[in-house]
>>> print(open('work_5.pdb').read())   # PDB, C-alpha atoms
MODEL        1
ATOM      1  CA  GLY A 744       3.064 -13.097 -11.207  1.00  0.00           C
ATOM      2  CA  GLU A 745       1.670 -12.508  -7.763  1.00  0.00           C
ATOM      3  CA  ASN A 746      -1.891 -11.267  -7.621  1.00  0.00           C
ATOM      4  CA  VAL A 747      -4.336 -10.231  -4.901  1.00  0.00           C
ATOM      5  CA  GLU A 748      -8.039  -9.935  -5.696  1.00  0.00           C
ATOM      6  CA  GLN A 749     -10.421  -8.068  -3.408  1.00  0.00           C
ATOM      7  CA  HIS A 750     -14.230  -7.982  -3.212  1.00  0.00           C
ATOM      8  CA  PRO A 751     -16.501  -6.119  -3.058  1.00  0.00           C
ATOM      9  CA  SER A 752     -15.235  -2.846  -4.520  1.00  0.00           C
ATOM     10  CA  THR A 753     -17.898  -0.902  -2.612  1.00  0.00           C
ATOM     11  CA  LEU A 754     -19.854  -1.800   0.498  1.00  0.00           C
ATOM     12  CA  SER A 755     -22.589   0.164   2.212  1.00  0.00           C
ATOM     13  CA  VAL A 756     -23.873  -0.869   5.632  1.00  0.00           C
ATOM     14  CA  GLN A 757     -26.040   0.619   8.339  1.00  0.00           C
ATOM     15  CA  GLU A 758     -24.371   1.755  11.537  1.00  0.00           C
ATOM     16  CA  GLY A 759     -24.172  -1.187  13.940  1.00  0.00           C
ATOM     17  CA  ASP A 760     -24.184  -3.825  11.212  1.00  0.00           C
ATOM     18  CA  SER A 761     -21.214  -6.018  10.330  1.00  0.00           C
ATOM     19  CA  ALA A 762     -19.025  -5.628   7.246  1.00  0.00           C
ATOM     20  CA  VAL A 763     -17.010  -8.357   5.541  1.00  0.00           C
ATOM     21  CA  ILE A 764     -14.346  -7.861   2.886  1.00  0.00           C
ATOM     22  CA  LYS A 765     -12.753 -10.815   1.120  1.00  0.00           C
ATOM     23  CA  CYS A 766      -9.415 -11.312  -0.631  1.00  0.00           C
ATOM     24  CA  THR A 767      -7.744 -14.120  -2.514  1.00  0.00           C
ATOM     25  CA  TYR A 768      -4.053 -14.455  -3.303  1.00  0.00           C
ATOM     26  CA  SER A 769      -2.123 -16.453  -5.853  1.00  0.00           C
ATOM     27  CA  ASP A 770       1.325 -17.058  -4.333  1.00  0.00           C
ATOM     28  CA  SER A 771       1.299 -20.186  -2.191  1.00  0.00           C
ATOM     29  CA  ALA A 772       4.496 -18.964  -0.494  1.00  0.00           C
ATOM     30  CA  SER A 773       2.728 -15.896   0.957  1.00  0.00           C
ATOM     31  CA  ASN A 774       2.836 -15.910   4.752  1.00  0.00           C
ATOM     32  CA  TYR A 775       1.943 -12.355   5.809  1.00  0.00           C
ATOM     33  CA  PHE A 776      -1.452 -10.720   5.231  1.00  0.00           C
ATOM     34  CA  PRO A 777      -1.996  -7.146   6.432  1.00  0.00           C
ATOM     35  CA  TRP A 778      -5.075  -4.962   6.127  1.00  0.00           C
ATOM     36  CA  TYR A 779      -4.783  -1.210   5.658  1.00  0.00           C
ATOM     37  CA  LYS A 780      -7.339   1.561   6.108  1.00  0.00           C
ATOM     38  CA  GLN A 781      -7.021   4.681   3.986  1.00  0.00           C
ATOM     39  CA  GLU A 782      -9.128   7.746   4.690  1.00  0.00           C
ATOM     40  CA  LEU A 783      -9.622  10.302   1.950  1.00  0.00           C
ATOM     41  CA  GLY A 784      -6.393  12.124   1.162  1.00  0.00           C
ATOM     42  CA  LYS A 785      -4.425  10.316   3.856  1.00  0.00           C
ATOM     43  CA  ARG A 786      -1.801   7.590   3.975  1.00  0.00           C
ATOM     44  CA  PRO A 787      -2.708   3.877   4.311  1.00  0.00           C
ATOM     45  CA  GLN A 788      -2.470   2.743   7.914  1.00  0.00           C
ATOM     46  CA  LEU A 789      -2.273  -0.812   9.207  1.00  0.00           C
ATOM     47  CA  ILE A 790      -5.320  -1.906  11.187  1.00  0.00           C
ATOM     48  CA  ILE A 791      -4.634  -5.628  11.605  1.00  0.00           C
ATOM     49  CA  ASP A 792      -2.414  -8.336  10.166  1.00  0.00           C
ATOM     50  CA  ILE A 793      -2.158 -12.111  10.292  1.00  0.00           C
ATOM     51  CA  ARG A 794       0.582 -14.608   9.612  1.00  0.00           C
ATOM     52  CA  SER A 795       0.154 -18.001   8.023  1.00  0.00           C
ATOM     53  CA  ASN A 796       0.625 -19.965  11.236  1.00  0.00           C
ATOM     54  CA  VAL A 797      -2.631 -18.540  12.602  1.00  0.00           C
ATOM     55  CA  GLY A 798      -6.182 -19.036  11.304  1.00  0.00           C
ATOM     56  CA  GLU A 799      -7.850 -16.094  13.000  1.00  0.00           C
ATOM     57  CA  LYS A 800      -6.901 -12.915  14.818  1.00  0.00           C
ATOM     58  CA  LYS A 801      -9.109 -10.444  16.610  1.00  0.00           C
ATOM     59  CA  ASP A 802      -8.625  -6.894  17.857  1.00  0.00           C
ATOM     60  CA  GLN A 803     -11.737  -5.378  19.450  1.00  0.00           C
ATOM     61  CA  ARG A 804     -14.288  -4.905  16.629  1.00  0.00           C
ATOM     62  CA  ILE A 805     -11.924  -6.088  13.894  1.00  0.00           C
ATOM     63  CA  ALA A 806     -11.047  -9.672  13.031  1.00  0.00           C
ATOM     64  CA  VAL A 807      -9.213 -11.357  10.187  1.00  0.00           C
ATOM     65  CA  THR A 808      -9.552 -14.994   9.121  1.00  0.00           C
ATOM     66  CA  LEU A 809      -7.157 -16.925   6.897  1.00  0.00           C
ATOM     67  CA  ASN A 810      -7.751 -20.082   4.892  1.00  0.00           C
ATOM     68  CA  LYS A 811      -4.380 -21.144   3.484  1.00  0.00           C
ATOM     69  CA  THR A 812      -5.751 -24.122   1.619  1.00  0.00           C
ATOM     70  CA  ALA A 813      -8.169 -21.979  -0.337  1.00  0.00           C
ATOM     71  CA  LYS A 814      -5.737 -19.013  -0.430  1.00  0.00           C
ATOM     72  CA  HIS A 815      -8.211 -16.503   0.856  1.00  0.00           C
ATOM     73  CA  PHE A 816      -8.514 -14.208   3.837  1.00  0.00           C
ATOM     74  CA  SER A 817     -11.233 -11.904   5.095  1.00  0.00           C
ATOM     75  CA  LEU A 818     -11.674  -8.786   7.202  1.00  0.00           C
ATOM     76  CA  HIS A 819     -14.637  -8.633   9.560  1.00  0.00           C
ATOM     77  CA  ILE A 820     -15.761  -5.411  11.210  1.00  0.00           C
ATOM     78  CA  THR A 821     -18.543  -5.714  13.779  1.00  0.00           C
ATOM     79  CA  GLU A 822     -20.746  -2.958  15.215  1.00  0.00           C
ATOM     80  CA  THR A 823     -19.707  -0.574  12.454  1.00  0.00           C
ATOM     81  CA  GLN A 824     -19.508   3.143  13.176  1.00  0.00           C
ATOM     82  CA  PRO A 825     -19.495   6.135  10.801  1.00  0.00           C
ATOM     83  CA  GLU A 826     -15.766   6.626  11.482  1.00  0.00           C
ATOM     84  CA  ASP A 827     -15.128   3.184   9.952  1.00  0.00           C
ATOM     85  CA  SER A 828     -16.002   4.718   6.569  1.00  0.00           C
ATOM     86  CA  ALA A 829     -12.846   4.580   4.419  1.00  0.00           C
ATOM     87  CA  VAL A 830     -11.137   2.519   1.738  1.00  0.00           C
ATOM     88  CA  TYR A 831      -9.766  -0.792   2.990  1.00  0.00           C
ATOM     89  CA  PHE A 832      -6.924  -2.620   1.252  1.00  0.00           C
ATOM     90  CA  CYS A 833      -5.799  -6.173   1.780  1.00  0.00           C
ATOM     91  CA  ALA A 834      -2.251  -7.195   0.928  1.00  0.00           C
ATOM     92  CA  ALA A 835      -0.117 -10.302   0.770  1.00  0.00           C
ATOM     93  CA  ASN A 836       3.611 -10.718   0.717  1.00  0.00           C
ATOM     94  CA  SER A 837       5.336 -12.678  -1.996  1.00  0.00           C
ATOM     95  CA  GLY A 838       7.148 -15.009   0.344  1.00  0.00           C
ATOM     96  CA  GLY A 839      10.752 -15.985  -0.160  1.00  0.00           C
ATOM     97  CA  ALA A 840      13.619 -13.520  -0.132  1.00  0.00           C
ATOM     98  CA  THR A 841      11.976 -10.561  -1.856  1.00  0.00           C
ATOM     99  CA  ASN A 842       8.982 -10.187   0.482  1.00  0.00           C
ATOM    100  CA  LYS A 843       7.145  -7.918  -1.956  1.00  0.00           C
ATOM    101  CA  LEU A 844       3.897  -6.526  -0.515  1.00  0.00           C
ATOM    102  CA  ILE A 845       1.153  -6.756  -3.144  1.00  0.00           C
ATOM    103  CA  PHE A 846      -2.088  -4.861  -2.564  1.00  0.00           C
ATOM    104  CA  GLY A 847      -5.663  -5.580  -3.550  1.00  0.00           C
ATOM    105  CA  THR A 848      -7.757  -3.053  -5.441  1.00  0.00           C
ATOM    106  CA  GLY A 849      -9.533  -1.713  -2.368  1.00  0.00           C
ATOM    107  CA  THR A 850     -13.055  -1.657  -0.891  1.00  0.00           C
ATOM    108  CA  LEU A 851     -14.852   1.602  -0.276  1.00  0.00           C
ATOM    109  CA  LEU A 852     -16.832   1.088   2.932  1.00  0.00           C
ATOM    110  CA  ALA A 853     -19.640   3.526   3.690  1.00  0.00           C
ATOM    111  CA  VAL A 854     -21.309   3.273   7.093  1.00  0.00           C
ATOM    112  CA  GLN A 855     -24.671   5.020   7.047  1.00  0.00           C
ATOM    113  CA  PRO A 856     -25.682   6.621  10.358  1.00  0.00           C
TER     114      PRO A 856
ATOM    115  CA  GLU B 321       8.996   7.942  16.773  1.00  0.00           C
ATOM    116  CA  ALA B 322       9.299   9.904  13.546  1.00  0.00           C
ATOM    117  CA  GLY B 323       7.410   8.478  10.604  1.00  0.00           C
ATOM    118  CA  VAL B 324       8.272   8.165   6.936  1.00  0.00           C
ATOM    119  CA  ALA B 325       8.917  11.620   5.492  1.00  0.00           C
ATOM    120  CA  GLN B 326       8.225  12.499   1.871  1.00  0.00           C
ATOM    121  CA  SER B 327       8.575  15.656  -0.151  1.00  0.00           C
ATOM    122  CA  PRO B 328       7.158  17.486  -1.898  1.00  0.00           C
ATOM    123  CA  ARG B 329       3.510  16.920  -0.917  1.00  0.00           C
ATOM    124  CA  TYR B 330       2.202  18.197  -4.238  1.00  0.00           C
ATOM    125  CA  LYS B 331       3.718  18.738  -7.673  1.00  0.00           C
ATOM    126  CA  ILE B 332       2.234  19.927 -10.942  1.00  0.00           C
ATOM    127  CA  ILE B 333       4.324  19.602 -14.098  1.00  0.00           C
ATOM    128  CA  GLU B 334       3.789  19.631 -17.812  1.00  0.00           C
ATOM    129  CA  LYS B 335       4.133  16.438 -19.820  1.00  0.00           C
ATOM    130  CA  ARG B 336       7.683  15.698 -20.956  1.00  0.00           C
ATOM    131  CA  GLN B 337       9.117  17.537 -17.952  1.00  0.00           C
ATOM    132  CA  SER B 338      11.137  15.841 -15.235  1.00  0.00           C
ATOM    133  CA  VAL B 339      10.287  15.446 -11.569  1.00  0.00           C
ATOM    134  CA  ALA B 340      11.916  13.919  -8.495  1.00  0.00           C
ATOM    135  CA  PHE B 341      10.474  12.743  -5.207  1.00  0.00           C
ATOM    136  CA  TRP B 342      12.335  12.255  -1.962  1.00  0.00           C
ATOM    137  CA  CYS B 343      11.762   9.800   0.886  1.00  0.00           C
ATOM    138  CA  ASN B 344      13.334   9.457   4.316  1.00  0.00           C
ATOM    139  CA  PRO B 345      12.306   6.144   5.917  1.00  0.00           C
ATOM    140  CA  ILE B 346      11.962   5.354   9.596  1.00  0.00           C
ATOM    141  CA  SER B 347      15.377   5.011  11.202  1.00  0.00           C
ATOM    142  CA  GLY B 348      16.596   1.437  11.180  1.00  0.00           C
ATOM    143  CA  HIS B 349      14.163   0.208   8.520  1.00  0.00           C
ATOM    144  CA  ALA B 350      16.156  -1.735   5.966  1.00  0.00           C
ATOM    145  CA  THR B 351      13.324  -2.215   3.475  1.00  0.00           C
ATOM    146  CA  LEU B 352      12.042   0.731   1.455  1.00  0.00           C
ATOM    147  CA  TYR B 353       9.200   0.616  -1.071  1.00  0.00           C
ATOM    148  CA  TRP B 354       7.936   3.066  -3.685  1.00  0.00           C
ATOM    149  CA  TYR B 355       4.300   2.608  -4.670  1.00  0.00           C
ATOM    150  CA  GLN B 356       2.206   4.364  -7.304  1.00  0.00           C
ATOM    151  CA  GLN B 357      -1.457   4.870  -6.377  1.00  0.00           C
ATOM    152  CA  ILE B 358      -3.729   6.022  -9.183  1.00  0.00           C
ATOM    153  CA  LEU B 359      -7.033   7.504  -8.021  1.00  0.00           C
ATOM    154  CA  GLY B 360      -9.485   4.754  -7.106  1.00  0.00           C
ATOM    155  CA  GLN B 361      -6.921   1.964  -7.245  1.00  0.00           C
ATOM    156  CA  GLY B 362      -4.727   0.068  -4.831  1.00  0.00           C
ATOM    157  CA  PRO B 363      -1.033   0.897  -4.375  1.00  0.00           C
ATOM    158  CA  LYS B 364       1.098  -0.633  -7.117  1.00  0.00           C
ATOM    159  CA  LEU B 365       4.660  -1.563  -6.185  1.00  0.00           C
ATOM    160  CA  LEU B 366       7.224   0.170  -8.388  1.00  0.00           C
ATOM    161  CA  ILE B 367      10.467  -0.722  -6.672  1.00  0.00           C
ATOM    162  CA  GLN B 368      11.695  -2.284  -3.448  1.00  0.00           C
ATOM    163  CA  PHE B 369      15.081  -1.758  -1.796  1.00  0.00           C
ATOM    164  CA  GLN B 370      16.788  -3.815   0.876  1.00  0.00           C
ATOM    165  CA  ASN B 371      19.377  -1.435   2.350  1.00  0.00           C
ATOM    166  CA  ASN B 372      20.874   0.140  -0.796  1.00  0.00           C
ATOM    167  CA  GLY B 373      20.241  -2.816  -3.104  1.00  0.00           C
ATOM    168  CA  VAL B 374      17.259  -3.295  -5.425  1.00  0.00           C
ATOM    169  CA  VAL B 375      15.196  -6.358  -4.482  1.00  0.00           C
ATOM    170  CA  ASP B 376      12.456  -5.946  -7.088  1.00  0.00           C
ATOM    171  CA  ASP B 377      11.839  -3.435  -9.848  1.00  0.00           C
ATOM    172  CA  SER B 378       9.784  -5.602 -12.176  1.00  0.00           C
ATOM    173  CA  GLN B 379       6.917  -3.068 -12.326  1.00  0.00           C
ATOM    174  CA  LEU B 380       9.098   0.033 -12.772  1.00  0.00           C
ATOM    175  CA  PRO B 381       8.821   1.578 -16.281  1.00  0.00           C
ATOM    176  CA  LYS B 382      12.577   1.785 -16.652  1.00  0.00           C
ATOM    177  CA  ASP B 383      12.477   3.852 -19.849  1.00  0.00           C
ATOM    178  CA  ARG B 384      11.273   6.841 -17.811  1.00  0.00           C
ATOM    179  CA  PHE B 385      11.431   5.987 -14.105  1.00  0.00           C
ATOM    180  CA  SER B 386      14.553   5.596 -12.001  1.00  0.00           C
ATOM    181  CA  ALA B 387      15.183   5.274  -8.288  1.00  0.00           C
ATOM    182  CA  GLU B 388      18.137   5.104  -6.007  1.00  0.00           C
ATOM    183  CA  ARG B 389      18.823   4.634  -2.338  1.00  0.00           C
ATOM    184  CA  LEU B 390      22.315   5.815  -1.627  1.00  0.00           C
ATOM    185  CA  LYS B 391      23.863   4.733   1.685  1.00  0.00           C
ATOM    186  CA  GLY B 392      20.793   2.620   2.422  1.00  0.00           C
ATOM    187  CA  VAL B 393      18.777   5.449   3.976  1.00  0.00           C
ATOM    188  CA  ASP B 394      17.090   8.191   1.891  1.00  0.00           C
ATOM    189  CA  SER B 395      15.695   7.413  -1.515  1.00  0.00           C
ATOM    190  CA  THR B 396      14.741   9.412  -4.590  1.00  0.00           C
ATOM    191  CA  LEU B 397      12.342   8.454  -7.367  1.00  0.00           C
ATOM    192  CA  LYS B 398      12.635  10.274 -10.682  1.00  0.00           C
ATOM    193  CA  ILE B 399      10.413  10.458 -13.732  1.00  0.00           C
ATOM    194  CA  GLN B 400      11.891  11.709 -16.985  1.00  0.00           C
ATOM    195  CA  PRO B 401      10.021  12.530 -19.169  1.00  0.00           C
ATOM    196  CA  ALA B 402       6.597  12.524 -17.489  1.00  0.00           C
ATOM    197  CA  LYS B 403       3.430  11.414 -19.256  1.00  0.00           C
ATOM    198  CA  LEU B 404      -0.177  12.275 -18.483  1.00  0.00           C
ATOM    199  CA  GLU B 405      -0.782   8.746 -17.171  1.00  0.00           C
ATOM    200  CA  ASP B 406       1.878   9.256 -14.497  1.00  0.00           C
ATOM    201  CA  SER B 407      -0.574  11.445 -12.574  1.00  0.00           C
ATOM    202  CA  ALA B 408      -0.946   9.639  -9.254  1.00  0.00           C
ATOM    203  CA  VAL B 409       0.067   9.670  -5.608  1.00  0.00           C
ATOM    204  CA  TYR B 410       3.556   8.298  -5.068  1.00  0.00           C
ATOM    205  CA  LEU B 411       3.825   6.599  -1.713  1.00  0.00           C
ATOM    206  CA  CYS B 412       7.010   5.650   0.041  1.00  0.00           C
ATOM    207  CA  ALA B 413       6.929   2.995   2.762  1.00  0.00           C
ATOM    208  CA  SER B 414       9.491   1.319   4.967  1.00  0.00           C
ATOM    209  CA  SER B 415       9.597  -1.797   7.108  1.00  0.00           C
ATOM    210  CA  ILE B 416      11.816  -3.954   9.269  1.00  0.00           C
ATOM    211  CA  GLY B 417      12.077  -7.189   7.353  1.00  0.00           C
ATOM    212  CA  GLN B 418       8.802  -9.073   6.899  1.00  0.00           C
ATOM    213  CA  GLY B 419       6.609  -6.863   9.006  1.00  0.00           C
ATOM    214  CA  GLU B 420       4.331  -3.860   8.954  1.00  0.00           C
ATOM    215  CA  ALA B 421       5.006  -1.376   6.188  1.00  0.00           C
ATOM    216  CA  PHE B 422       4.706   2.229   7.375  1.00  0.00           C
ATOM    217  CA  PHE B 423       3.650   4.716   4.728  1.00  0.00           C
ATOM    218  CA  GLY B 424       4.561   8.337   4.214  1.00  0.00           C
ATOM    219  CA  GLN B 425       1.984  11.021   3.365  1.00  0.00           C
ATOM    220  CA  GLY B 426       2.723  10.635  -0.325  1.00  0.00           C
ATOM    221  CA  THR B 427       3.430  13.053  -3.150  1.00  0.00           C
ATOM    222  CA  ARG B 428       0.473  13.909  -5.348  1.00  0.00           C
ATOM    223  CA  LEU B 429       1.713  14.379  -8.917  1.00  0.00           C
ATOM    224  CA  THR B 430      -0.401  16.026 -11.564  1.00  0.00           C
ATOM    225  CA  VAL B 431       0.890  15.976 -15.138  1.00  0.00           C
ATOM    226  CA  VAL B 432      -0.846  18.462 -17.443  1.00  0.00           C
TER     227      VAL B 432
ENDMDL
END
>>> encode(input="work_5.pdb", output="structure tokens")
Amino acid sequence: GENVEQHPSTLSVQEGDSAVIKCTYSDSASNYFPWYKQELGKRPQLIIDIRSNVGEKKDQRIAVTLNKTAKHFSLHITETQPEDSAVYFCAANSGGATNKLIFGTGTLLAVQP
Amino acid sequence: EAGVAQSPRYKIIEKRQSVAFWCNPISGHATLYWYQQILGQGPKLLIQFQNNGVVDDSQLPKDRFSAERLKGVDSTLKIQPAKLEDSAVYLCASSIGQGEAFFGQGTRLTVV
């Protein structure tokens, strides 16, 4: 079945440094790749997404890159701030009619002030 | 714009008891998802509806879990009987087609 793998599971960076989280997916029909941020005890919230017709998308300090051939995509956060500390989840849709949204296992990002 | 509403926020039950969760999606969102999120893990899709029809329920433990979405709007998820391993946050989400999924606050279930 469809599978999304995410690495690393934890990431600690110093404030101002960059953070990179990587995901791979198994379904070649996937064409939508969102990233969600979940703060402790709160709901997941979309921070950026990318579709398969684009290789890169940027929104201020956040960027996502997609390599369809290799079936992997990455989240890049530059100039990290303490408020970026949270769990980040990547996801991929299943493509086709069902459009299931399958999530990765999450990355706990800690930004040290 | 009102978000996805879920209730209750918290529920504690004993094993073998029954429990039901309710979700009201964003108005106009045809797709509704129920996810189970165990502490420290990513959301796991249990069931997906398109209007009032089931699109995917391959991960739903059908011997104890059931869900319905009458009239294509509100949805309920039921567990009967509950097991200890069902302790998790149950998240409801909705979307317009193949786009952003908006999540509710979730229901935190503790089975003792």
>>> resolve_selection(input="work_5.pdb", expression="the ChimeraX specification (/A :<6) & /B", output="VMD selection string")
chain B and resid 361 to 362 375 425
>>> write_last_selection(input="work_5.pdb", atoms="C-alpha atoms", output="short mmCIF file (atom, residue, chain, number, x, y, z; two decimals), in the frame of the given file")
data_model
loop_
_atom_site.label_atom_id
_atom_site.label_comp_id
_atom_site.auth_asym_id
_atom_site.auth_seq_id
_atom_site.Cartn_x
_atom_site.Cartn_y
_atom_site.Cartn_z
CA GLN B 361 -6.92 1.96 -7.24
CA GLY B 362 -4.73 0.07 -4.83
CA VAL B 375 15.20 -6.36 -4.48
CA GLN B 425 1.98 11.02 3.36
#
>>> atom_distance(input="work_5.pdb", atom1="atom CA of A:Leu754", atom2="atom CA of A:Leu783")
15.9 Å
>>> resolve_selection(input="work_5.pdb", expression="the PyMOL selection byres ((chain A and resi 856) around 10)", output="PyMOL selection string")
chain A and resi 756-759+823-826+853-855
>>> residues_around(input="work_5.pdb", residues="B:Asp377", least_positions_apart="4", cutoff="9 Å", atoms="all atoms listed in the file", output="VMD selection string")
chain B and resid 365 to 369 381 to 382
>>> residues_near_point(input="work_5.pdb", point="(20.5, -3.1, 4.0)", cutoff="6 Å", atoms="all atoms listed in the file", output="tab-separated table (two decimals) with C-alpha atoms, in the frame of the given file")
chain	number	residue	atom	x	y	z
B	350	ALA	CA	16.16	-1.74	5.97
B	370	GLN	CA	16.79	-3.82	0.88
B	371	ASN	CA	19.38	-1.44	2.35
B	372	ASN	CA	20.87	0.14	-0.80
B	392	GLY	CA	20.79	2.62	2.42
>>> decode(input="work_5.pdb", residues="stretch 419-431 of chain B", atoms="N, CA, C and O atoms", output="compact mmCIF listing (two decimals), in the first residue's frame")
# COMPACT_ATOMS: atom_id res chain seq x y z
N GLY B 419 -7.25 19.15 -2.20
CA GLY B 419 -6.59 20.34 -1.68
C GLY B 419 -6.29 20.22 -0.21
O GLY B 419 -6.31 19.12 0.36
N GLU B 420 -6.04 21.37 0.41
CA GLU B 420 -5.67 21.40 1.82
C GLU B 420 -6.73 20.74 2.69
O GLU B 420 -7.93 21.00 2.55
N ALA B 421 -6.27 19.89 3.59
CA ALA B 421 -7.14 19.28 4.58
C ALA B 421 -7.07 20.13 5.84
O ALA B 421 -6.00 20.39 6.37
N PHE B 422 -8.24 20.56 6.32
CA PHE B 422 -8.34 21.37 7.53
C PHE B 422 -8.73 20.44 8.67
O PHE B 422 -9.72 19.71 8.56
N PHE B 423 -7.99 20.53 9.77
CA PHE B 423 -8.22 19.63 10.89
C PHE B 423 -9.03 20.30 12.00
O PHE B 423 -8.92 21.51 12.23
N GLY B 424 -9.81 19.48 12.69
CA GLY B 424 -10.46 19.91 13.91
C GLY B 424 -9.49 19.80 15.08
O GLY B 424 -8.35 19.36 14.91
N GLN B 425 -9.95 20.19 16.27
CA GLN B 425 -9.10 20.18 17.47
C GLN B 425 -8.84 18.76 17.96
O GLN B 425 -7.91 18.52 18.72
N GLY B 426 -9.68 17.82 17.54
CA GLY B 426 -9.47 16.44 17.94
C GLY B 426 -10.19 16.08 19.22
O GLY B 426 -10.56 16.95 20.02
N THR B 427 -10.40 14.79 19.40
CA THR B 427 -10.94 14.24 20.65
C THR B 427 -9.88 13.34 21.24
O THR B 427 -9.44 12.38 20.57
N ARG B 428 -9.46 13.65 22.46
CA ARG B 428 -8.46 12.81 23.12
C ARG B 428 -9.18 11.73 23.90
O ARG B 428 -9.92 12.02 24.85
N LEU B 429 -9.00 10.49 23.49
CA LEU B 429 -9.63 9.33 24.13
C LEU B 429 -8.63 8.60 24.99
O LEU B 429 -7.54 8.26 24.53
N THR B 430 -9.02 8.37 26.23
CA THR B 430 -8.22 7.54 27.13
C THR B 430 -9.05 6.34 27.54
O THR B 430 -10.17 6.50 28.06
N VAL B 431 -8.55 5.15 27.28
CA VAL B 431 -9.23 3.92 27.66
C VAL B 431 -8.47 3.31 28.83
O VAL B 431 -7.26 3.06 28.72
